[in-house]
>>> print(open('work-v9.pdb').read())   # PDB, C-alpha atoms
ATOM      1  CA  MET A   1     -25.766  -1.684 -39.391  1.00  0.00           C
ATOM      2  CA  SER A   2     -26.492  -5.334 -40.043  1.00  0.00           C
ATOM      3  CA  ILE A   3     -24.517  -7.621 -42.334  1.00  0.00           C
ATOM      4  CA  THR A   4     -27.294  -7.533 -44.921  1.00  0.00           C
ATOM      5  CA  GLN A   5     -27.413  -3.739 -44.950  1.00  0.00           C
ATOM      6  CA  GLN A   6     -23.623  -3.545 -45.321  1.00  0.00           C
ATOM      7  CA  TYR A   7     -23.735  -6.057 -48.178  1.00  0.00           C
ATOM      8  CA  LEU A   8     -26.453  -4.070 -49.987  1.00  0.00           C
ATOM      9  CA  LEU A   9     -24.503  -0.839 -49.517  1.00  0.00           C
ATOM     10  CA  ASP A  10     -21.308  -2.462 -50.858  1.00  0.00           C
ATOM     11  CA  THR A  11     -23.213  -3.930 -53.807  1.00  0.00           C
ATOM     12  CA  TYR A  12     -24.728  -0.549 -54.646  1.00  0.00           C
ATOM     13  CA  ARG A  13     -21.337   1.158 -54.364  1.00  0.00           C
ATOM     14  CA  ALA A  14     -19.681  -1.465 -56.597  1.00  0.00           C
ATOM     15  CA  GLN A  15     -22.431  -1.070 -59.187  1.00  0.00           C
ATOM     16  CA  ARG A  16     -22.025   2.723 -59.218  1.00  0.00           C
ATOM     17  CA  LEU A  17     -18.230   2.420 -59.636  1.00  0.00           C
ATOM     18  CA  GLY A  18     -18.451  -0.331 -62.252  1.00  0.00           C
ATOM     19  CA  GLU A  19     -16.669  -2.899 -60.096  1.00  0.00           C
ATOM     20  CA  THR A  20     -17.572  -6.498 -59.384  1.00  0.00           C
ATOM     21  CA  PRO A  21     -19.975  -6.889 -56.459  1.00  0.00           C
ATOM     22  CA  PRO A  22     -18.743  -8.540 -53.251  1.00  0.00           C
ATOM     23  CA  PRO A  23     -19.755 -12.139 -52.482  1.00  0.00           C
ATOM     24  CA  PRO A  24     -22.924 -12.543 -50.415  1.00  0.00           C
ATOM     25  CA  PRO A  25     -22.489 -13.012 -46.660  1.00  0.00           C
ATOM     26  CA  GLY A  26     -21.824 -16.612 -45.652  1.00  0.00           C
ATOM     27  CA  THR A  27     -20.352 -17.650 -49.004  1.00  0.00           C
ATOM     28  CA  HIS A  28     -16.952 -18.673 -47.638  1.00  0.00           C
ATOM     29  CA  ASP A  29     -17.925 -19.812 -44.125  1.00  0.00           C
ATOM     30  CA  TRP A  30     -17.078 -23.504 -44.630  1.00  0.00           C
ATOM     31  CA  ARG A  31     -13.780 -22.727 -46.302  1.00  0.00           C
ATOM     32  CA  THR A  32     -12.852 -20.425 -43.420  1.00  0.00           C
ATOM     33  CA  ALA A  33     -13.729 -23.129 -40.883  1.00  0.00           C
ATOM     34  CA  ARG A  34     -11.522 -25.657 -42.725  1.00  0.00           C
ATOM     35  CA  GLU A  35      -8.644 -23.182 -42.879  1.00  0.00           C
ATOM     36  CA  LEU A  36      -8.986 -22.464 -39.161  1.00  0.00           C
ATOM     37  CA  ARG A  37      -8.911 -26.195 -38.376  1.00  0.00           C
ATOM     38  CA  GLY A  38      -5.788 -26.603 -40.514  1.00  0.00           C
ATOM     39  CA  TYR A  39      -4.133 -23.657 -38.790  1.00  0.00           C
ATOM     40  CA  ARG A  40      -4.876 -25.120 -35.356  1.00  0.00           C
ATOM     41  CA  GLN A  41      -3.389 -28.455 -36.417  1.00  0.00           C
ATOM     42  CA  PHE A  42      -0.301 -26.684 -37.766  1.00  0.00           C
ATOM     43  CA  ARG A  43       0.154 -24.721 -34.520  1.00  0.00           C
ATOM     44  CA  ALA A  44      -0.158 -27.977 -32.537  1.00  0.00           C
ATOM     45  CA  VAL A  45       2.581 -29.622 -34.591  1.00  0.00           C
ATOM     46  CA  VAL A  46       4.866 -26.589 -34.249  1.00  0.00           C
ATOM     47  CA  ALA A  47       4.314 -26.624 -30.468  1.00  0.00           C
ATOM     48  CA  GLU A  48       5.173 -30.373 -30.470  1.00  0.00           C
ATOM     49  CA  ARG A  49       1.709 -31.433 -29.262  1.00  0.00           C
ATOM     50  CA  PRO A  50      -0.604 -33.926 -30.931  1.00  0.00           C
ATOM     51  CA  ALA A  51      -2.927 -32.195 -33.337  1.00  0.00           C
ATOM     52  CA  PRO A  52      -6.438 -31.685 -31.898  1.00  0.00           C
ATOM     53  CA  GLY A  53      -8.981 -34.326 -32.766  1.00  0.00           C
ATOM     54  CA  ARG A  54      -6.562 -37.134 -33.603  1.00  0.00           C
ATOM     55  CA  LEU A  55      -7.337 -39.153 -30.483  1.00  0.00           C
ATOM     56  CA  ARG A  56     -11.083 -38.729 -30.915  1.00  0.00           C
ATOM     57  CA  ARG A  57     -10.916 -39.870 -34.562  1.00  0.00           C
ATOM     58  CA  ALA A  58      -8.781 -42.889 -33.622  1.00  0.00           C
ATOM     59  CA  LEU A  59     -11.171 -43.922 -30.863  1.00  0.00           C
ATOM     60  CA  GLY A  60     -14.104 -43.409 -33.208  1.00  0.00           C
ATOM     61  CA  ARG A  61     -12.542 -45.815 -35.699  1.00  0.00           C
ATOM     62  CA  LEU A  62     -12.163 -48.433 -32.960  1.00  0.00           C
ATOM     63  CA  VAL A  63     -15.726 -48.035 -31.697  1.00  0.00           C
ATOM     64  CA  HIS A  64     -17.381 -47.729 -35.117  1.00  0.00           C
ATOM     65  CA  PRO A  65     -15.337 -49.791 -37.572  1.00  0.00           C
ATOM     66  CA  GLN A  66     -16.420 -49.463 -41.174  1.00  0.00           C
ATOM     67  CA  THR A  67     -16.480 -52.457 -43.462  1.00  0.00           C
ATOM     68  CA  ARG A  68     -14.073 -52.184 -46.336  1.00  0.00           C
ATOM     69  CA  SER A  69     -14.714 -53.677 -49.725  1.00  0.00           C
ATOM     70  CA  ALA A  70     -12.313 -56.239 -51.152  1.00  0.00           C
ATOM     71  CA  CYS A  71     -12.005 -54.354 -54.440  1.00  0.00           C
TER      72      CYS A  71
END
>>> encode(input="work-v9.pdb", output="structure tokens")
Amino acid sequence: MSITQQYLLDTYRAQRLGETPPPPPGTHDWRTARELRGYRQFRAVVAERPAPGRLRRALGRLVHPQTRSAC
């Protein structure tokens, strides 16, 4: 059964029972990715390692400096 078929079945079942339908597939993908990134950073700090991506971001700032406004 595909994701779409499962979603349609769940929507039909919710309608028959008078409940709210489930969110469509893919609705919370970005939020889940952000939460996973935050969890990985947390686990790195707990394990006393630098959080992943910090070095890459720091080097990116050195290579591609952005101009800042004086305001």
>>> atom_distance(input="work-v9.pdb", atom1="CA of Gly38 in chain A", atom2="CA of Pro23 in chain A")
23.4 Å
>>> residues_around(input="work-v9.pdb", residues="Pro24 in chain A", least_positions_apart="5", cutoff="12 Å", atoms="all atoms listed in the file", output="JSON, numbers by chain")
{"A": [3, 4, 5, 6, 7, 8, 9, 10, 11, 29]}
>>> atom_distance(input="work-v9.pdb", atom1="CA of Gly53 in chain A", atom2="CA of Arg37 in chain A")
9.9 Å
>>> atom_distance(input="work-v9.pdb", atom1="CA of Leu62 in chain A", atom2="CA of Ala44 in chain A")
23.7 Å
